[in-house]
$ cat model-v6.txt   # compact mmCIF, C-alpha atoms
# COMPACT_ATOMS: atom_id res chain seq x y z
CA MET Y 22 90.43 116.62 117.19
CA GLY Y 23 93.43 117.85 119.11
CA ASN Y 24 96.93 118.76 117.97
CA ARG Y 25 96.93 116.32 115.09
CA SER Y 26 93.98 118.10 113.43
CA THR Y 27 95.40 121.52 114.19
CA SER Y 28 98.68 120.56 112.53
CA LEU Y 29 97.01 119.09 109.45
CA LEU Y 30 94.64 122.03 109.09
CA ALA Y 31 97.50 124.53 109.41
CA THR Y 32 99.46 122.65 106.75
CA LEU Y 33 96.52 122.60 104.36
CA GLU Y 34 95.85 126.29 104.90
CA GLU Y 35 99.47 127.02 104.02
CA GLN Y 36 99.11 124.87 100.89
CA GLU Y 37 96.09 126.97 99.94
CA ARG Y 38 98.22 130.11 100.18
CA VAL Y 39 101.00 128.52 98.11
CA TRP Y 40 98.50 127.42 95.46
CA ALA Y 41 97.07 130.93 95.21
CA ASN Y 42 100.44 132.64 94.97
CA ARG Y 43 102.63 130.30 92.90
CA PRO Y 44 101.48 129.81 89.31
CA LEU Y 45 104.40 127.48 88.62
CA VAL Y 46 103.20 125.04 91.29
CA ARG Y 47 99.64 125.24 89.96
CA ARG Y 48 100.71 124.43 86.40
CA LEU Y 49 102.94 121.60 87.53
CA TYR Y 50 100.27 119.87 89.59
CA ARG Y 51 97.59 120.45 86.97
CA ASP Y 52 99.77 118.65 84.46
CA TRP Y 53 100.14 115.78 86.92
CA TYR Y 54 96.38 115.69 87.52
CA ARG Y 55 95.87 115.46 83.76
CA LEU Y 56 98.20 112.44 83.64
CA ILE Y 57 96.21 110.81 86.43
CA ARG Y 58 92.86 111.51 84.81
CA GLU Y 59 94.07 109.93 81.56
CA ARG Y 60 94.82 106.73 83.47
CA LEU Y 61 91.56 106.32 85.41
CA ALA Y 62 89.76 103.04 84.83
CA ASP Y 63 86.38 103.26 83.10
CA VAL Y 64 84.58 100.71 85.26
CA PRO Y 65 81.55 101.03 87.57
CA GLY Y 66 82.15 102.64 90.94
CA PRO Y 67 83.44 105.86 92.47
CA THR Y 68 86.86 107.41 91.99
CA VAL Y 69 88.16 108.08 95.50
CA GLU Y 70 91.09 110.35 96.25
CA LEU Y 71 92.78 109.39 99.51
CA GLY Y 72 94.49 112.13 101.49
CA ALA Y 73 93.00 114.73 99.17
CA GLY Y 74 94.35 117.70 101.10
CA THR Y 75 92.87 120.84 99.55
CA ALA Y 76 91.08 118.68 96.93
CA ARG Y 77 92.71 120.19 93.86
CA PHE Y 78 92.34 116.94 91.93
CA LYS Y 79 88.58 117.59 91.89
CA GLU Y 80 89.24 120.58 89.65
CA ALA Y 81 90.59 118.16 87.04
CA TYR Y 82 88.03 115.44 87.77
CA PRO Y 83 84.92 116.81 89.53
CA GLU Y 84 83.41 113.34 89.96
CA ALA Y 85 86.18 112.37 92.40
CA VAL Y 86 85.30 111.82 96.05
CA ALA Y 87 87.79 113.83 98.11
CA THR Y 88 88.66 112.10 101.38
CA ASP Y 89 91.11 112.66 104.20
CA VAL Y 90 92.08 110.92 107.39
CA GLU Y 91 90.18 113.50 109.42
CA ALA Y 92 87.55 116.13 108.75
CA THR Y 93 88.75 119.18 106.82
CA PRO Y 94 86.91 121.93 104.92
CA TRP Y 95 87.89 120.23 101.63
CA ALA Y 96 87.09 116.58 102.36
CA ASP Y 97 83.81 114.98 101.24
CA GLN Y 98 84.40 112.02 103.56
CA VAL Y 99 86.71 111.00 106.41
CA VAL Y 100 88.49 107.84 105.28
CA ASP Y 101 91.42 105.86 106.67
CA ALA Y 102 93.41 104.38 103.76
CA LEU Y 103 94.24 101.33 105.90
CA SER Y 104 90.58 100.56 106.62
CA LEU Y 105 88.53 101.62 103.63
CA PRO Y 106 84.77 101.98 104.29
CA TYR Y 107 83.71 100.51 100.93
CA GLU Y 108 82.09 97.25 99.93
CA ASP Y 109 84.13 94.53 98.27
CA GLY Y 110 84.67 95.16 94.56
CA SER Y 111 82.83 98.48 94.61
CA VAL Y 112 85.49 101.14 93.83
CA ALA Y 113 86.65 102.10 90.33
CA ASN Y 114 89.77 104.08 91.22
CA LEU Y 115 91.87 104.98 94.23
CA VAL Y 116 94.02 108.08 93.67
CA LEU Y 117 96.92 109.02 95.96
CA VAL Y 118 98.81 112.26 95.26
CA ASP Y 119 101.77 112.70 97.63
CA VAL Y 120 100.07 110.33 100.08
CA PHE Y 121 101.49 106.81 99.73
CA HIS Y 122 104.71 107.67 101.60
CA HIS Y 123 102.64 108.77 104.62
CA LEU Y 124 100.99 105.37 105.14
CA SER Y 125 102.16 103.45 108.20
CA SER Y 126 101.38 100.01 106.72
CA PRO Y 127 101.67 99.46 102.96
CA THR Y 128 100.62 95.84 103.39
CA ARG Y 129 97.30 96.78 105.00
CA PHE Y 130 96.75 99.38 102.30
CA PHE Y 131 97.32 96.94 99.44
CA ASP Y 132 95.13 94.34 101.13
CA GLU Y 133 92.37 96.95 101.19
CA CYS Y 134 92.99 97.85 97.54
CA ARG Y 135 92.64 94.22 96.55
CA ARG Y 136 89.40 94.00 98.50
CA VAL Y 137 87.56 97.17 97.43
CA LEU Y 138 88.59 97.56 93.78
CA ALA Y 139 86.22 96.39 91.07
CA PRO Y 140 87.65 94.11 88.38
CA GLY Y 141 89.66 96.40 86.14
CA GLY Y 142 89.76 99.09 88.83
CA ARG Y 143 92.97 100.98 89.41
CA VAL Y 144 95.23 102.47 92.05
CA ILE Y 145 97.10 105.54 90.78
CA ILE Y 146 99.98 106.75 92.92
CA LEU Y 147 101.96 109.96 92.40
CA ASP Y 148 104.77 110.08 94.94
CA PRO Y 149 108.38 111.14 95.48
CA TYR Y 150 111.02 109.16 93.58
CA CYS Y 151 114.52 108.67 94.96
CA SER Y 152 117.01 109.06 92.14
CA ALA Y 153 120.73 109.80 92.38
CA LEU Y 154 119.89 113.51 92.15
CA SER Y 155 116.70 113.73 94.17
CA THR Y 156 117.74 111.59 97.16
CA PRO Y 157 120.37 113.98 98.55
CA ALA Y 158 118.09 116.92 97.71
CA TYR Y 159 115.23 115.37 99.68
CA LYS Y 160 117.51 114.50 102.60
CA HIS Y 161 119.09 117.92 102.89
CA PHE Y 162 116.40 120.33 101.72
CA HIS Y 163 113.08 118.70 102.59
CA HIS Y 164 111.54 118.37 106.03
CA GLU Y 165 110.16 114.85 105.47
CA ARG Y 166 112.25 111.75 106.16
CA THR Y 167 113.85 109.87 103.26
CA ASP Y 168 115.16 106.43 104.30
CA LEU Y 169 116.07 103.89 101.62
CA SER Y 170 117.40 101.39 104.16
CA VAL Y 171 114.05 100.10 105.45
CA PRO Y 172 112.50 96.87 104.09
CA PRO Y 173 110.13 97.88 101.27
CA LEU Y 174 106.93 96.44 102.73
CA SER Y 175 107.67 96.89 106.42
CA ASP Y 176 105.25 98.65 108.71
CA ALA Y 177 106.25 102.06 110.06
CA PRO Y 178 104.51 102.35 113.44
CA GLU Y 179 106.17 105.72 113.98
CA LEU Y 180 103.83 107.10 111.29
CA GLU Y 181 100.67 105.98 113.08
CA GLY Y 182 98.56 108.78 114.48
CA SER Y 183 100.13 111.41 112.26
CA ALA Y 184 98.82 112.64 108.92
CA LEU Y 185 102.09 114.42 108.14
CA ASP Y 186 105.01 112.12 109.09
CA SER Y 187 106.38 110.00 106.27
CA ASN Y 188 109.20 108.16 104.51
CA GLN Y 189 109.55 109.64 101.04
CA ALA Y 190 111.48 106.58 99.84
CA ARG Y 191 108.53 104.21 100.15
CA ALA Y 192 107.30 104.20 96.52
CA THR Y 193 110.85 103.81 95.21
CA LEU Y 194 111.44 100.86 97.50
CA VAL Y 195 108.17 99.06 96.75
CA PHE Y 196 107.77 99.62 93.02
CA PHE Y 197 111.28 100.16 91.69
CA ARG Y 198 113.70 98.36 93.99
CA ALA Y 199 111.60 95.37 95.06
CA PRO Y 200 108.68 95.01 92.63
CA THR Y 201 108.98 91.20 92.73
CA GLN Y 202 108.00 91.19 96.40
CA PHE Y 203 104.94 93.23 95.57
CA ARG Y 204 103.95 91.02 92.63
CA GLU Y 205 104.32 87.83 94.65
CA ARG Y 206 102.21 89.10 97.54
CA TRP Y 207 99.45 90.80 95.51
CA PRO Y 208 99.29 89.07 92.12
CA GLU Y 209 95.75 90.45 91.71
CA LEU Y 210 97.17 93.99 91.60
CA ARG Y 211 99.07 94.13 88.34
CA ILE Y 212 101.67 96.90 87.91
CA ILE Y 213 100.78 98.31 84.50
CA GLU Y 214 102.89 101.47 84.63
CA ARG Y 215 105.95 102.76 86.49
CA GLY Y 216 106.95 106.19 85.23
CA ARG Y 217 109.61 108.61 86.42
CA LEU Y 218 108.98 112.32 86.03
CA ALA Y 219 109.74 115.81 87.39
CA PHE Y 220 113.40 116.36 86.53
CA VAL Y 221 113.82 120.14 86.67
CA LEU Y 222 110.38 121.73 87.00
CA TYR Y 223 109.58 120.36 90.42
CA PRO Y 224 112.81 121.34 92.21
CA LEU Y 225 112.88 124.73 90.47
CA SER Y 226 109.24 125.38 91.41
CA GLY Y 227 110.04 125.01 95.10
CA GLY Y 228 107.00 122.78 95.51
CA TYR Y 229 104.83 123.57 98.51
CA SER Y 230 107.67 124.00 100.99
CA ARG Y 231 110.39 126.17 99.39
CA ARG Y 232 110.64 129.38 97.39
CA PRO Y 233 110.53 129.08 93.56
CA LEU Y 234 113.85 129.50 91.76
CA VAL Y 235 112.48 130.47 88.34
CA PRO Y 236 109.54 132.60 87.11
CA ALA Y 237 106.33 130.97 85.93
CA ALA Y 238 106.96 132.31 82.41
CA LEU Y 239 109.66 129.65 81.98
CA TYR Y 240 107.22 126.78 82.47
CA ARG Y 241 106.77 125.90 78.81
CA PRO Y 242 110.48 125.80 77.81
CA LEU Y 243 111.32 123.89 80.98
CA ALA Y 244 108.51 121.40 80.26
CA LEU Y 245 110.01 120.79 76.82
CA PHE Y 246 113.42 120.32 78.41
CA GLU Y 247 111.90 117.78 80.81
CA ARG Y 248 110.73 115.62 77.91
CA ALA Y 249 114.27 115.50 76.59
CA LEU Y 250 115.45 114.28 80.01
CA GLN Y 251 113.12 111.26 80.14
CA PRO Y 252 115.95 108.75 79.45
CA LEU Y 253 117.70 110.05 82.59
CA GLY Y 254 114.84 109.13 84.89
CA ARG Y 255 116.83 106.77 87.10
CA VAL Y 256 119.38 109.50 87.72
CA ALA Y 257 117.37 112.72 87.83
CA ALA Y 258 113.65 112.12 88.54
CA PHE Y 259 111.99 113.66 91.60
CA ARG Y 260 108.57 112.02 91.20
CA CYS Y 261 107.09 108.73 90.06
CA LEU Y 262 103.70 107.72 88.70
CA VAL Y 263 102.60 104.16 89.41
CA VAL Y 264 99.42 102.52 88.10
CA LEU Y 265 98.06 99.24 89.49
CA GLU Y 266 95.11 97.38 87.98
CA ARG Y 267 92.88 94.83 89.71
CA ARG Y 268 92.83 91.58 87.76
$ encode --input "model-v6.txt" --output "structure tokens"
Amino acid sequence: MGNRSTSLLATLEEQERVWANRPLVRRLYRDWYRLIRERLADVPGPTVELGAGTARFKEAYPEAVATDVEATPWADQVVDALSLPYEDGSVANLVLVDVFHHLSSPTRFFDECRRVLAPGGRVIILDPYCSALSTPAYKHFHHERTDLSVPPLSDAPELEGSALDSNQARATLVFFRAPTQFRERWPELRIIERGRLAFVLYPLSGGYSRRPLVPAALYRPLALFERALQPLGRVAAFRCLVVLERR
């Protein structure tokens, strides 16, 4: 599988170490997985997680099929999100946690979503959000690219052949800055929710790539503080949760 696989495997092994050693990150993601589980469509078909990484979502929803773009110790199937190996109208849910911004062609992905989702099936995307606060933080303190200048639905050929390259601005561009373009092109995929979240807990946790800035014991009071910050989502959010439903 070459250097690409080696790089992905090394990244996932590091994420395993972070998960084991950082209770704040575990609690944060488990809360996000709970939000996703609450939004899954109850229609016939499998729930497929794309780019499942170390498959932590399966702990919250064991029925999920964990997939990745190449074989890993955690993936049930090897699946390319731009060429889904499922029959038309056969999938109940597609779940993407920190994956959408890695896709080289959002148009091909949404075409595939429209094809494989059952009526009432859903796409649930948890991804970075570019607010006034998070954008400079992502640009200066995160290794992944954050470029708000690209057309929202443009292909990114530079991401092809890599499971790790990305543009963290993609979900913000598609669902928050140009949702009309999305709705006009895929009217069958209705946007039923666009939420902004992760105001202080995520940056203070350090995520998977930086050291935590607060102890895990502060999770509960910080979570309460986050709820009070909800009206400031446009300014302060670091993550977004987007739910699409197949008409």
$ residues_around --input "model-v6.txt" --residues "segment 243-256 of chain Y" --least-positions-apart "4" --cutoff "8 Å" --atoms "all atoms listed in the file" --output "number ranges by chain"
Y: 152-154, 217-222, 239
$ closest_residue --input "model-v6.txt" --among "Y:Arg206, Y:Leu103, Y:Leu262, Y:Thr75" --to "Arg38 of chain Y" --atoms "only C-alpha atoms"
Y:Thr75
$ closest_residue --input "model-v6.txt" --among "Y:Asp101, Y:Leu61, Y:His161, Y:Ala73" --to "Val263 of chain Y" --atoms "all atoms listed in the file"
Y:Leu61
$ residues_around --input "model-v6.txt" --residues "segment 170-184 of chain Y" --least-positions-apart "5" --cutoff "8 Å" --atoms "only C-alpha atoms" --output "VMD selection string"
chain Y and resid 25 29 90 123 to 128 191 194 to 195 199
$ closest_residue --input "model-v6.txt" --among "Y:Gly227, Y:Pro149, Y:Gly66, Y:Pro208" --to "Ala190 of chain Y" --atoms "only C-alpha atoms"
Y:Pro149
$ atom_distance --input "model-v6.txt" --atom1 "atom CA of Ala87 of chain Y" --atom2 "atom CA of Gly141 of chain Y"
21.2 Å
$ decode --input "model-v6.txt" --residues "segment 171-248 of chain Y" --atoms "C-alpha atoms" --output "PDB file, in the first residue's frame"
ATOM      1  CA  VAL Y 171     -11.914  28.597  -3.013  1.00  0.00           C
ATOM      2  CA  PRO Y 172     -15.311  28.147  -4.738  1.00  0.00           C
ATOM      3  CA  PRO Y 173     -17.495  26.097  -2.363  1.00  0.00           C
ATOM      4  CA  LEU Y 174     -18.181  23.160  -4.668  1.00  0.00           C
ATOM      5  CA  SER Y 175     -14.937  23.146  -6.630  1.00  0.00           C
ATOM      6  CA  ASP Y 176     -12.866  20.016  -6.969  1.00  0.00           C
ATOM      7  CA  ALA Y 177      -9.529  19.896  -5.147  1.00  0.00           C
ATOM      8  CA  PRO Y 178      -7.319  17.610  -7.247  1.00  0.00           C
ATOM      9  CA  GLU Y 179      -4.425  18.263  -4.888  1.00  0.00           C
ATOM     10  CA  LEU Y 180      -6.282  16.131  -2.310  1.00  0.00           C
ATOM     11  CA  GLU Y 181      -6.521  13.096  -4.584  1.00  0.00           C
ATOM     12  CA  GLY Y 182      -4.399  10.161  -3.534  1.00  0.00           C
ATOM     13  CA  SER Y 183      -4.039  11.370   0.037  1.00  0.00           C
ATOM     14  CA  ALA Y 184      -6.178  10.373   2.994  1.00  0.00           C
ATOM     15  CA  LEU Y 185      -4.762  13.179   5.139  1.00  0.00           C
ATOM     16  CA  ASP Y 186      -4.592  16.383   3.034  1.00  0.00           C
ATOM     17  CA  SER Y 187      -7.583  18.686   3.342  1.00  0.00           C
ATOM     18  CA  ASN Y 188      -9.189  22.123   3.315  1.00  0.00           C
ATOM     19  CA  GLN Y 189     -10.803  22.663   6.702  1.00  0.00           C
ATOM     20  CA  ALA Y 190     -12.980  25.463   5.308  1.00  0.00           C
ATOM     21  CA  ARG Y 191     -15.013  23.186   3.045  1.00  0.00           C
ATOM     22  CA  ALA Y 192     -18.084  22.620   5.259  1.00  0.00           C
ATOM     23  CA  THR Y 193     -18.282  26.322   6.113  1.00  0.00           C
ATOM     24  CA  LEU Y 194     -18.162  27.236   2.441  1.00  0.00           C
ATOM     25  CA  VAL Y 195     -20.737  24.684   1.269  1.00  0.00           C
ATOM     26  CA  PHE Y 196     -23.314  24.789   4.053  1.00  0.00           C
ATOM     27  CA  PHE Y 197     -22.976  28.222   5.620  1.00  0.00           C
ATOM     28  CA  ARG Y 198     -21.641  30.602   2.979  1.00  0.00           C
ATOM     29  CA  ALA Y 199     -23.231  29.164  -0.165  1.00  0.00           C
ATOM     30  CA  PRO Y 200     -26.101  26.862   0.869  1.00  0.00           C
ATOM     31  CA  THR Y 201     -28.214  28.078  -2.069  1.00  0.00           C
ATOM     32  CA  GLN Y 202     -25.750  26.540  -4.521  1.00  0.00           C
ATOM     33  CA  PHE Y 203     -26.029  23.244  -2.702  1.00  0.00           C
ATOM     34  CA  ARG Y 204     -29.839  23.340  -2.580  1.00  0.00           C
ATOM     35  CA  GLU Y 205     -30.128  24.152  -6.281  1.00  0.00           C
ATOM     36  CA  ARG Y 206     -27.810  21.344  -7.344  1.00  0.00           C
ATOM     37  CA  TRP Y 207     -29.101  18.620  -4.982  1.00  0.00           C
ATOM     38  CA  PRO Y 208     -32.722  19.465  -4.143  1.00  0.00           C
ATOM     39  CA  GLU Y 209     -33.205  15.809  -3.135  1.00  0.00           C
ATOM     40  CA  LEU Y 210     -30.768  16.300  -0.244  1.00  0.00           C
ATOM     41  CA  ARG Y 211     -32.581  18.624   2.121  1.00  0.00           C
ATOM     42  CA  ILE Y 212     -30.510  20.490   4.731  1.00  0.00           C
ATOM     43  CA  ILE Y 213     -32.471  19.858   7.913  1.00  0.00           C
ATOM     44  CA  GLU Y 214     -29.887  21.066  10.425  1.00  0.00           C
ATOM     45  CA  ARG Y 215     -26.847  23.352  10.480  1.00  0.00           C
ATOM     46  CA  GLY Y 216     -25.450  23.670  13.986  1.00  0.00           C
ATOM     47  CA  ARG Y 217     -22.351  25.411  15.298  1.00  0.00           C
ATOM     48  CA  LEU Y 218     -20.605  23.948  18.327  1.00  0.00           C
ATOM     49  CA  ALA Y 219     -17.280  23.581  20.177  1.00  0.00           C
ATOM     50  CA  PHE Y 220     -16.547  27.080  21.463  1.00  0.00           C
ATOM     51  CA  VAL Y 221     -14.063  26.519  24.289  1.00  0.00           C
ATOM     52  CA  LEU Y 222     -13.853  22.789  24.996  1.00  0.00           C
ATOM     53  CA  TYR Y 223     -12.338  21.800  21.685  1.00  0.00           C
ATOM     54  CA  PRO Y 224      -9.488  24.341  21.569  1.00  0.00           C
ATOM     55  CA  LEU Y 225      -8.747  23.847  25.264  1.00  0.00           C
ATOM     56  CA  SER Y 226      -8.691  20.059  24.850  1.00  0.00           C
ATOM     57  CA  GLY Y 227      -5.921  20.304  22.265  1.00  0.00           C
ATOM     58  CA  GLY Y 228      -7.819  17.887  20.041  1.00  0.00           C
ATOM     59  CA  TYR Y 229      -5.722  15.126  18.526  1.00  0.00           C
ATOM     60  CA  SER Y 230      -2.792  17.316  17.517  1.00  0.00           C
ATOM     61  CA  ARG Y 231      -1.916  19.639  20.424  1.00  0.00           C
ATOM     62  CA  ARG Y 232      -1.425  19.410  24.176  1.00  0.00           C
ATOM     63  CA  PRO Y 233      -4.497  20.014  26.399  1.00  0.00           C
ATOM     64  CA  LEU Y 234      -4.649  23.374  28.161  1.00  0.00           C
ATOM     65  CA  VAL Y 235      -7.018  22.393  30.975  1.00  0.00           C
ATOM     66  CA  PRO Y 236      -7.514  19.267  33.134  1.00  0.00           C
ATOM     67  CA  ALA Y 237     -10.288  16.809  32.373  1.00  0.00           C
ATOM     68  CA  ALA Y 238     -11.940  17.662  35.709  1.00  0.00           C
ATOM     69  CA  LEU Y 239     -13.081  20.964  34.192  1.00  0.00           C
ATOM     70  CA  TYR Y 240     -15.129  19.272  31.470  1.00  0.00           C
ATOM     71  CA  ARG Y 241     -18.526  19.669  33.114  1.00  0.00           C
ATOM     72  CA  PRO Y 242     -18.273  23.395  33.999  1.00  0.00           C
ATOM     73  CA  LEU Y 243     -16.797  24.150  30.581  1.00  0.00           C
ATOM     74  CA  ALA Y 244     -19.626  22.206  28.901  1.00  0.00           C
ATOM     75  CA  LEU Y 245     -22.147  24.356  30.775  1.00  0.00           C
ATOM     76  CA  PHE Y 246     -20.257  27.466  29.692  1.00  0.00           C
ATOM     77  CA  GLU Y 247     -20.414  26.248  26.083  1.00  0.00           C
ATOM     78  CA  ARG Y 248     -24.213  26.149  26.203  1.00  0.00           C
TER      79      ARG Y 248
END
